[in-house]
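Novice: Coordinates in my_file_30.cif, mmCIF, C-alpha atoms, are listed below.
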```cif
data_input
loop_
_atom_site.label_atom_id
_atom_site.label_comp_id
_atom_site.auth_asym_id
_atom_site.auth_seq_id
_atom_site.Cartn_x
_atom_site.Cartn_y
_atom_site.Cartn_z
CA MET A 1 10.67 2.84 -24.12
CA HIS A 2 12.93 3.65 -21.20
CA GLU A 3 11.23 6.66 -19.64
CA PRO A 4 7.62 7.55 -18.82
CA ILE A 5 5.77 9.28 -21.67
CA ILE A 6 2.88 11.65 -20.99
CA LYS A 7 0.34 12.56 -23.67
CA GLY A 8 -2.61 14.60 -22.43
CA ASN A 9 -4.41 12.56 -19.78
CA MET A 10 -2.39 9.40 -20.41
CA ILE A 11 0.94 8.21 -19.05
CA SER A 12 2.87 5.18 -20.30
CA ILE A 13 5.73 3.55 -18.41
CA PRO A 14 8.13 0.68 -19.02
CA SER A 15 7.24 -2.42 -16.96
CA SER A 16 9.19 -1.50 -13.86
CA LEU A 17 7.95 -0.63 -10.38
CA GLU A 18 10.49 2.20 -10.19
CA TYR A 19 8.00 4.33 -12.17
CA LEU A 20 5.10 3.92 -9.73
CA THR A 21 5.77 7.35 -8.23
CA ASN A 22 5.59 8.92 -11.72
CA ILE A 23 2.11 7.47 -12.09
CA ASP A 24 1.06 8.61 -8.60
CA ASP A 25 2.25 12.16 -9.27
CA PHE A 26 0.52 12.21 -12.65
CA ILE A 27 -2.83 10.87 -11.37
CA GLU A 28 -2.87 13.02 -8.24
CA GLY A 29 -2.01 16.14 -10.26
CA ILE A 30 -4.92 15.59 -12.64
CA LEU A 31 -7.36 14.76 -9.84
CA ARG A 32 -6.43 17.97 -8.02
CA GLY A 33 -7.10 19.80 -11.29
CA PHE A 34 -10.57 18.24 -11.23
CA GLU A 35 -10.91 19.54 -7.62
CA VAL A 36 -11.46 16.04 -6.23
CA GLU A 37 -11.47 15.66 -2.42
CA GLU A 38 -8.18 14.53 -0.91
CA SER A 39 -9.69 11.37 0.63
CA THR A 40 -11.02 10.33 -2.78
CA ILE A 41 -7.65 11.11 -4.36
CA ALA A 42 -6.02 8.79 -1.79
CA ASP A 43 -8.52 6.00 -2.59
CA ILE A 44 -7.90 6.35 -6.33
CA ALA A 45 -4.12 6.65 -5.95
CA ILE A 46 -3.81 3.44 -3.96
CA SER A 47 -6.13 1.60 -6.38
CA VAL A 48 -4.12 2.71 -9.40
CA SER A 49 -0.91 1.76 -7.59
CA GLU A 50 -2.26 -1.74 -6.91
CA LEU A 51 -3.37 -2.26 -10.51
CA VAL A 52 -0.17 -0.90 -12.06
CA ASN A 53 1.82 -3.10 -9.68
CA ASN A 54 -0.29 -6.04 -10.85
CA SER A 55 0.16 -5.12 -14.53
CA VAL A 56 3.93 -4.74 -14.22
CA SER A 57 4.57 -7.83 -12.11
CA HIS A 58 1.89 -10.29 -13.20
CA GLY A 59 0.61 -8.96 -16.54
CA ASN A 60 3.85 -7.94 -18.26
CA LYS A 61 5.98 -10.09 -15.93
CA SER A 62 8.39 -7.16 -15.45
CA ASP A 63 9.43 -7.31 -19.13
CA ASP A 64 10.68 -3.75 -19.64
CA GLY A 65 10.15 -4.14 -23.38
CA LYS A 66 6.44 -4.02 -22.55
CA THR A 67 4.53 -1.00 -21.33
CA VAL A 68 1.76 -0.11 -18.92
CA SER A 69 -0.48 2.83 -19.79
CA VAL A 70 -2.81 4.70 -17.49
CA SER A 71 -5.42 7.16 -18.73
CA ILE A 72 -7.85 9.23 -16.71
CA ALA A 73 -11.09 10.98 -17.60
CA LYS A 74 -13.89 12.79 -15.81
CA LYS A 75 -17.28 11.57 -17.01
CA GLY A 76 -20.10 13.47 -15.35
CA ASN A 77 -19.78 12.80 -11.64
CA ASP A 78 -17.40 9.89 -12.13
CA ILE A 79 -13.66 9.53 -12.51
CA GLU A 80 -12.79 6.73 -14.91
CA ILE A 81 -9.27 5.33 -15.10
CA LYS A 82 -8.01 2.70 -17.52
CA ILE A 83 -4.88 0.65 -16.85
CA GLU A 84 -3.63 -1.20 -19.91
CA ASP A 85 -0.90 -3.83 -20.10
CA GLN A 86 0.26 -6.44 -22.56
CA GLY A 87 -0.41 -9.45 -20.38
CA GLN A 88 -3.02 -12.17 -20.27
CA GLY A 89 -5.24 -10.66 -17.58
CA PHE A 90 -6.83 -11.98 -14.44
CA ASP A 91 -10.26 -12.76 -13.10
CA PRO A 92 -10.93 -10.46 -10.12
CA ARG A 93 -13.50 -13.02 -8.84
CA ALA A 94 -10.83 -15.72 -8.76
CA ILE A 95 -8.64 -13.88 -6.27
CA SER A 96 -8.53 -15.63 -2.89
CA ASN A 97 -10.12 -13.74 -0.03
CA PRO A 98 -7.39 -12.10 2.10
CA LEU A 99 -9.83 -12.00 5.03
CA ASP A 100 -9.96 -15.80 5.25
CA GLU A 101 -8.19 -16.97 8.36
CA GLU A 102 -5.52 -18.85 6.42
CA ASN A 103 -4.73 -15.72 4.35
CA LEU A 104 -4.88 -13.02 7.01
CA LEU A 105 -1.20 -13.18 7.90
CA LYS A 106 0.13 -13.60 4.37
CA ASP A 107 2.49 -10.91 3.10
CA THR A 108 0.72 -10.65 -0.29
CA GLY A 109 -2.70 -11.03 -1.89
CA ARG A 110 -4.53 -7.88 -0.74
CA GLY A 111 -4.13 -5.61 -3.77
CA ILE A 112 -7.19 -6.45 -5.86
CA PHE A 113 -9.29 -6.84 -2.71
CA ILE A 114 -8.41 -3.26 -1.71
CA VAL A 115 -9.26 -1.98 -5.21
CA ASN A 116 -12.65 -3.72 -5.13
CA ALA A 117 -13.34 -2.19 -1.72
CA LEU A 118 -12.35 1.37 -2.61
CA MET A 119 -13.72 1.70 -6.15
CA ASP A 120 -17.37 1.80 -7.24
CA LYS A 121 -16.75 -0.38 -10.29
CA VAL A 122 -13.91 -2.58 -11.52
CA ASP A 123 -14.02 -4.05 -15.00
CA VAL A 124 -11.36 -6.28 -16.56
CA GLN A 125 -11.24 -6.97 -20.29
CA THR A 126 -8.64 -9.20 -21.87
CA THR A 127 -7.93 -9.22 -25.59
CA LYS A 128 -5.20 -10.81 -27.67
CA ASP A 129 -3.18 -7.60 -27.24
CA GLY A 130 -3.39 -7.40 -23.47
CA THR A 131 -5.61 -6.46 -20.57
CA ILE A 132 -7.56 -3.28 -19.88
CA THR A 133 -8.74 -2.75 -16.31
CA THR A 134 -11.21 0.10 -15.89
CA ILE A 135 -11.99 1.51 -12.47
CA THR A 136 -14.70 4.04 -11.74
CA LYS A 137 -15.18 6.24 -8.68
CA SER A 138 -17.94 8.75 -8.04
CA ILE A 139 -16.71 12.14 -6.85
CA VAL A 140 -20.06 13.41 -5.59
CA MET B 1 11.24 6.52 2.98
CA GLU B 2 13.04 8.15 5.89
CA ILE B 3 13.36 6.28 9.16
CA THR B 4 14.35 8.05 12.36
CA LYS B 5 15.08 6.02 15.46
CA LYS B 6 14.95 6.74 19.17
CA THR B 7 14.70 4.67 22.31
CA GLU B 8 12.13 5.20 25.06
CA ASN B 9 12.95 2.96 28.03
CA LEU B 10 13.27 -0.43 26.36
CA VAL B 11 11.11 0.40 23.37
CA THR B 12 12.69 1.28 20.03
CA VAL B 13 10.57 3.90 18.29
CA LEU B 14 10.87 4.19 14.53
CA CYS B 15 9.25 7.22 12.93
CA LEU B 16 8.53 6.61 9.25
CA LYS B 17 8.24 9.37 6.67
CA GLY B 18 7.15 9.10 3.03
CA ARG B 19 5.91 6.14 1.00
CA LEU B 20 5.59 2.67 2.48
CA ASP B 21 5.63 0.18 -0.38
CA LEU B 22 7.66 -2.82 -1.46
CA ALA B 23 10.77 -0.86 -2.42
CA SER B 24 10.90 1.43 0.61
CA GLY B 25 9.78 -1.36 2.91
CA ALA B 26 12.96 -3.32 2.25
CA GLY B 27 14.93 -0.77 4.27
CA LEU B 28 12.46 -1.04 7.13
CA LYS B 29 12.72 -4.84 7.14
CA ASP B 30 16.52 -4.56 7.27
CA GLU B 31 16.25 -2.14 10.19
CA ILE B 32 13.95 -4.51 12.10
CA LYS B 33 16.19 -7.49 11.41
CA ALA B 34 19.19 -5.57 12.78
CA LEU B 35 17.20 -4.72 15.94
CA MET B 36 16.16 -8.36 16.39
CA ASP B 37 19.80 -9.40 16.07
CA LYS B 38 20.55 -7.04 18.97
CA GLU B 39 17.62 -8.49 20.92
CA GLN B 40 15.79 -5.16 20.85
CA ASN B 41 12.41 -6.72 20.24
CA LEU B 42 10.00 -4.08 21.58
CA ILE B 43 9.21 -1.95 18.55
CA HIS B 44 6.88 0.97 18.03
CA LEU B 45 6.25 2.39 14.56
CA ASN B 46 4.98 5.96 14.36
CA LEU B 47 3.23 6.30 10.98
CA ALA B 48 2.26 9.98 11.30
CA ASP B 49 4.31 11.02 8.28
CA VAL B 50 3.52 8.04 6.06
CA ASP B 51 1.74 9.70 3.16
CA PHE B 52 1.22 6.59 1.04
CA ILE B 53 0.79 2.89 1.76
CA ASN B 54 -0.32 0.11 -0.56
CA SER B 55 -0.82 -3.63 -0.23
CA SER B 56 2.92 -4.20 -0.61
CA GLY B 57 3.52 -1.83 2.30
CA LEU B 58 0.94 -3.71 4.35
CA GLY B 59 2.75 -6.91 3.42
CA VAL B 60 5.98 -5.43 4.75
CA LEU B 61 4.28 -4.61 8.07
CA VAL B 62 2.80 -8.11 8.32
CA SER B 63 6.21 -9.59 7.61
CA ILE B 64 7.79 -7.39 10.30
CA MET B 65 5.12 -8.35 12.80
CA LYS B 66 5.80 -12.04 12.20
CA GLU B 67 9.56 -11.49 12.56
CA ILE B 68 9.08 -9.67 15.87
CA ARG B 69 6.66 -12.30 17.18
CA MET B 70 9.18 -14.99 16.25
CA HIS B 71 11.63 -13.19 18.52
CA LYS B 72 9.03 -13.06 21.33
CA GLY B 73 8.80 -9.30 20.97
CA ARG B 74 6.00 -6.81 20.56
CA LEU B 75 5.05 -4.41 17.75
CA THR B 76 2.77 -1.41 18.12
CA LEU B 77 1.67 1.23 15.62
CA SER B 78 0.34 4.73 16.09
CA ASP B 79 -0.69 7.98 14.43
CA LEU B 80 -2.24 6.44 11.33
CA ALA B 81 -3.64 8.96 8.83
CA SER B 82 -7.35 8.42 8.25
CA TYR B 83 -6.90 6.80 4.87
CA VAL B 84 -4.17 4.50 6.18
CA GLN B 85 -6.53 3.50 9.00
CA GLU B 86 -9.19 2.83 6.35
CA ILE B 87 -6.87 0.43 4.50
CA PHE B 88 -6.13 -1.41 7.76
CA GLU B 89 -9.86 -1.72 8.40
CA ILE B 90 -10.72 -2.91 4.89
CA THR B 91 -8.13 -5.65 5.13
CA GLN B 92 -9.05 -6.36 8.79
CA LEU B 93 -5.41 -5.90 9.74
CA SER B 94 -6.74 -3.44 12.31
CA HIS B 95 -7.66 -6.53 14.34
CA ILE B 96 -4.22 -8.07 13.94
CA PHE B 97 -1.99 -5.12 14.80
CA GLU B 98 -1.94 -3.22 18.08
CA ILE B 99 -2.84 0.27 16.88
CA PHE B 100 -2.84 3.32 19.15
CA THR B 101 -4.02 6.85 18.51
CA SER B 102 -0.75 8.39 19.65
CA GLU B 103 2.85 7.39 20.28
CA SER B 104 2.62 8.34 23.96
CA GLU B 105 -0.44 6.14 24.41
CA ALA B 106 1.42 3.22 22.82
CA LEU B 107 4.50 3.73 24.99
CA THR B 108 2.35 3.90 28.11
CA SER B 109 0.94 0.49 27.21
CA TYR B 110 4.45 -1.00 27.38
CA GLN B 111 4.81 0.35 30.92
CA SER B 112 1.46 -1.20 31.90
CA VAL B 113 2.57 -4.57 30.55
CA SER B 114 5.94 -4.49 32.36
CA ALA B 115 4.19 -3.38 35.59
CA ASN B 116 1.97 -6.46 35.36
#
```
In structure tokens, how does this file's structure come out?
Specialist:
Amino acid sequence: MHEPIIKGNMISIPSSLEYLTNIDDFIEGILRGFEVEESTIADIAISVSELVNNSVSHGNKSDDGKTVSVSIAKKGNDIEIKIEDQGQGFDPRAISNPLDEENLLKDTGRGIFIVNALMDKVDVQTTKDGTITTITKSIV
Amino acid sequence: MEITKKTENLVTVLCLKGRLDLASGAGLKDEIKALMDKEQNLIHLNLADVDFINSSGLGVLVSIMKEIRMHKGRLTLSDLASYVQEIFEITQLSHIFEIFTSESEALTSYQSVSAN
């Protein structure tokens, strides 16, 4: 795959950060269709950006033969988004704390921390085929 | 990301517009490096028109701050959108950066420092 593919409420991209804006536009468009508040859209957009960045760079190791897929659904008062890659996953509890003094001035290491702070729920499941990260945010 | 530049007294003001992430941040880092090479080390970033920032963008700002400090300079920020401010607070970078409500307030602070 060399271009983003959209099917309903799912978008798939090759493992390259150049397609991050395609995912942002897609997610924000759907959320506006759900009439979600702009501040919540911003929280979700940055969280998806962090996780897709993670999937491309760390999960799929920027192998453009692999894909990252993002799907979005409204379930009652919640927005649920799944980010799927073909990598070996990560343990969100094993991420070092960027607020620790020795980490505060590092250039990297804040992505998952921000996602955990902005989303109501973050779930990571790794199978032999890859990793599915599911984030949930209430829109009430 | 678009960067427009102006000089107010000895302070170089860069107004950023668009996304601030790893890709767009590379241009900003180059701009800062060029300013440091010219010993223009008082830098103000106006973020009013930054409509997206992620952890990579924050990393770019941290990297810039370290570069400026290494050159004995000063970096200030202003006009953060509410959600950008929220990201700074979550990551506690709000305590690390000098953040002002407005560009004029930030520029006034440079005058206060030089007067002292």
Novice: Looking at A:Ile112, A:Ile83, A:Met10, A:Leu99, which one is nearest to His95 in chain B, with distances taken over only C-alpha atoms?
Specialist: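 Closest residue, counting only C-alpha atoms: A:Leu99.
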Novice: So what does the PyMOL selection byres ((chain A and resi 44-57) around 6) actually pick up in this one, as a list in words?
Specialist: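 Selection result, ordered by chain and number: Ser15, Ile41, Ala42, Asp43, His58, Gly59, Asn60, Lys61, Ser62, Asp85, Gly111 and Val115 of chain A; Asn54 of chain B.
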Novice: What do you get, as an MDAnalysis selection string, if you spell out every residue that the PyMOL selection byres ((chain B and resi 4-17) around 6) selects here?
Specialist: chainID B and resid 1:3 18 42:47 49:50
Novice: Specify as a PyMOL selection string all residues of chain B found within 9 Å of chain A, counting only C-alpha atoms.
Specialist: chain B and resi 23+52-56+58-63+66+82-83+87+90-93+96
Novice: Work out how far apart CA of Gln86 in chain A and CA of Thr131 in chain A are and give it in Å to one decimal.
Specialist: 6.2 Å
Novice: For the file shown, report as a PDB file with C-alpha atoms, in the frame of the given file the outcome of the PyMOL selection byres ((chain A and resi 71) around 9) at residue level.
Specialist:
```
ATOM      1  CA  GLY A   8      -2.610  14.600 -22.430  1.00  0.00           C
ATOM      2  CA  ASN A   9      -4.410  12.560 -19.780  1.00  0.00           C
ATOM      3  CA  MET A  10      -2.390   9.400 -20.410  1.00  0.00           C
ATOM      4  CA  ILE A  11       0.940   8.210 -19.050  1.00  0.00           C
ATOM      5  CA  SER A  12       2.870   5.180 -20.300  1.00  0.00           C
ATOM      6  CA  ILE A  27      -2.830  10.870 -11.370  1.00  0.00           C
ATOM      7  CA  SER A  69      -0.480   2.830 -19.790  1.00  0.00           C
ATOM      8  CA  VAL A  70      -2.810   4.700 -17.490  1.00  0.00           C
ATOM      9  CA  ILE A  72      -7.850   9.230 -16.710  1.00  0.00           C
ATOM     10  CA  ALA A  73     -11.090  10.980 -17.600  1.00  0.00           C
ATOM     11  CA  GLU A  80     -12.790   6.730 -14.910  1.00  0.00           C
ATOM     12  CA  ILE A  81      -9.270   5.330 -15.100  1.00  0.00           C
ATOM     13  CA  LYS A  82      -8.010   2.700 -17.520  1.00  0.00           C
ATOM     14  CA  ILE A  83      -4.880   0.650 -16.850  1.00  0.00           C
ATOM     15  CA  GLU A  84      -3.630  -1.200 -19.910  1.00  0.00           C
TER      16      GLU A  84
END
```
Novice: Using only C-alpha atoms, which of A:Tyr19, A:Thr136, A:Asn116, A:Asp78 sits nearest Ile95 in chain A?
Specialist: A:Asn116
Novice: If I take CA of Ile5 in chain A and CA of Leu20 in chain A, how far is one from the other in Å, to one decimal?
Specialist: 13.1 Å
Novice: Quote the spacing between CA of Arg32 in chain A and CA of Ile6 in chain A in Å to one decimal place.
Specialist: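 Straight-line distance from CA of Arg32 in chain A to CA of Ile6 in chain A works out to 17.2 Å.
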Novice: Quick one: 8 Å padding each side, axis-aligned, all listed atoms of range 41-45 of chain B - centre and edge lengths in Å to one decimal, as lines of an AutoDock Vina configuration file?
Specialist:
```
center_x = 9.3
center_y = -2.2
center_z = 18.1
size_x = 22.2
size_y = 25.1
size_z = 23.0
```
Novice: Return range 8-19 of chain B, completed with all heavy atoms, as a JSON list (two decimals), keeping the file's coordinate frame.
Specialist:
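Result went into out.json, see below:
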```
[["chain", "number", "residue", "atom", "x", "y", "z"],
["B", 8, "GLU", "N", 12.88, 4.73, 23.89],
["B", 8, "GLU", "CA", 12.13, 5.20, 25.06],
["B", 8, "GLU", "C", 12.05, 4.03, 26.03],
["B", 8, "GLU", "O", 11.33, 3.07, 25.78],
["B", 8, "GLU", "CB", 10.72, 5.63, 24.65],
["B", 8, "GLU", "CG", 10.67, 6.79, 23.67],
["B", 8, "GLU", "CD", 10.79, 8.13, 24.37],
["B", 8, "GLU", "OE1", 10.69, 8.17, 25.61],
["B", 8, "GLU", "OE2", 11.02, 9.13, 23.67],
["B", 9, "ASN", "N", 12.79, 4.11, 27.13],
["B", 9, "ASN", "CA", 12.95, 2.96, 28.03],
["B", 9, "ASN", "C", 13.48, 1.80, 27.20],
["B", 9, "ASN", "O", 14.51, 1.92, 26.57],
["B", 9, "ASN", "CB", 11.66, 2.65, 28.78],
["B", 9, "ASN", "CG", 11.29, 3.78, 29.71],
["B", 9, "ASN", "OD1", 12.17, 4.37, 30.36],
["B", 9, "ASN", "ND2", 10.02, 4.13, 29.76],
["B", 10, "LEU", "N", 12.74, 0.71, 27.13],
["B", 10, "LEU", "CA", 13.27, -0.43, 26.36],
["B", 10, "LEU", "C", 12.65, -0.52, 24.97],
["B", 10, "LEU", "O", 12.91, -1.47, 24.23],
["B", 10, "LEU", "CB", 13.00, -1.75, 27.12],
["B", 10, "LEU", "CG", 13.78, -1.93, 28.42],
["B", 10, "LEU", "CD1", 13.31, -3.18, 29.16],
["B", 10, "LEU", "CD2", 15.28, -2.00, 28.15],
["B", 11, "VAL", "N", 11.83, 0.46, 24.64],
["B", 11, "VAL", "CA", 11.11, 0.40, 23.37],
["B", 11, "VAL", "C", 11.86, 1.20, 22.30],
["B", 11, "VAL", "O", 12.20, 2.37, 22.51],
["B", 11, "VAL", "CB", 9.68, 0.96, 23.52],
["B", 11, "VAL", "CG1", 8.91, 0.83, 22.21],
["B", 11, "VAL", "CG2", 8.95, 0.25, 24.66],
["B", 12, "THR", "N", 12.09, 0.56, 21.16],
["B", 12, "THR", "CA", 12.69, 1.28, 20.03],
["B", 12, "THR", "C", 11.55, 1.88, 19.21],
["B", 12, "THR", "O", 10.65, 1.17, 18.76],
["B", 12, "THR", "CB", 13.51, 0.33, 19.14],
["B", 12, "THR", "OG1", 14.50, -0.28, 19.95],
["B", 12, "THR", "CG2", 14.18, 1.09, 18.01],
["B", 13, "VAL", "N", 11.61, 3.20, 19.05],
["B", 13, "VAL", "CA", 10.57, 3.90, 18.29],
["B", 13, "VAL", "C", 11.15, 4.28, 16.93],
["B", 13, "VAL", "O", 12.19, 4.95, 16.85],
["B", 13, "VAL", "CB", 10.11, 5.18, 19.04],
["B", 13, "VAL", "CG1", 9.07, 5.93, 18.21],
["B", 13, "VAL", "CG2", 9.57, 4.82, 20.41],
["B", 14, "LEU", "N", 10.46, 3.82, 15.89],
["B", 14, "LEU", "CA", 10.87, 4.19, 14.53],
["B", 14, "LEU", "C", 9.79, 5.10, 13.95],
["B", 14, "LEU", "O", 8.61, 4.72, 13.89],
["B", 14, "LEU", "CB", 11.02, 2.94, 13.65],
["B", 14, "LEU", "CG", 12.05, 1.90, 14.11],
["B", 14, "LEU", "CD1", 12.03, 0.69, 13.17],
["B", 14, "LEU", "CD2", 13.45, 2.49, 14.17],
["B", 15, "CYS", "N", 10.19, 6.29, 13.56],
["B", 15, "CYS", "CA", 9.25, 7.22, 12.93],
["B", 15, "CYS", "C", 9.48, 7.14, 11.41],
["B", 15, "CYS", "O", 10.60, 7.37, 10.94],
["B", 15, "CYS", "CB", 9.49, 8.65, 13.41],
["B", 15, "CYS", "SG", 9.24, 8.82, 15.18],
["B", 16, "LEU", "N", 8.43, 6.79, 10.70],
["B", 16, "LEU", "CA", 8.53, 6.61, 9.25],
["B", 16, "LEU", "C", 8.00, 7.84, 8.53],
["B", 16, "LEU", "O", 7.00, 8.43, 8.96],
["B", 16, "LEU", "CB", 7.73, 5.38, 8.80],
["B", 16, "LEU", "CG", 7.93, 4.09, 9.62],
["B", 16, "LEU", "CD1", 7.14, 2.94, 8.98],
["B", 16, "LEU", "CD2", 9.40, 3.73, 9.71],
["B", 17, "LYS", "N", 8.68, 8.19, 7.43],
["B", 17, "LYS", "CA", 8.24, 9.37, 6.67],
["B", 17, "LYS", "C", 8.28, 9.06, 5.18],
["B", 17, "LYS", "O", 9.31, 8.58, 4.68],
["B", 17, "LYS", "CB", 9.15, 10.55, 6.98],
["B", 17, "LYS", "CG", 8.71, 11.84, 6.31],
["B", 17, "LYS", "CD", 9.60, 12.99, 6.74],
["B", 17, "LYS", "CE", 9.09, 14.29, 6.12],
["B", 17, "LYS", "NZ", 9.93, 15.42, 6.47],
["B", 18, "GLY", "N", 7.17, 9.30, 4.48],
["B", 18, "GLY", "CA", 7.15, 9.10, 3.03],
["B", 18, "GLY", "C", 6.28, 7.92, 2.63],
["B", 18, "GLY", "O", 5.30, 7.60, 3.28],
["B", 19, "ARG", "N", 6.68, 7.26, 1.54],
["B", 19, "ARG", "CA", 5.91, 6.14, 1.00],
["B", 19, "ARG", "C", 6.31, 4.84, 1.68],
["B", 19, "ARG", "O", 7.48, 4.60, 1.89],
["B", 19, "ARG", "CB", 6.22, 5.96, -0.50],
["B", 19, "ARG", "CG", 5.74, 7.06, -1.39],
["B", 19, "ARG", "CD", 6.27, 6.83, -2.80],
["B", 19, "ARG", "NE", 5.78, 5.60, -3.39],
["B", 19, "ARG", "CZ", 4.69, 5.51, -4.13],
["B", 19, "ARG", "NH1", 3.98, 6.58, -4.37],
["B", 19, "ARG", "NH2", 4.31, 4.35, -4.63]]
```
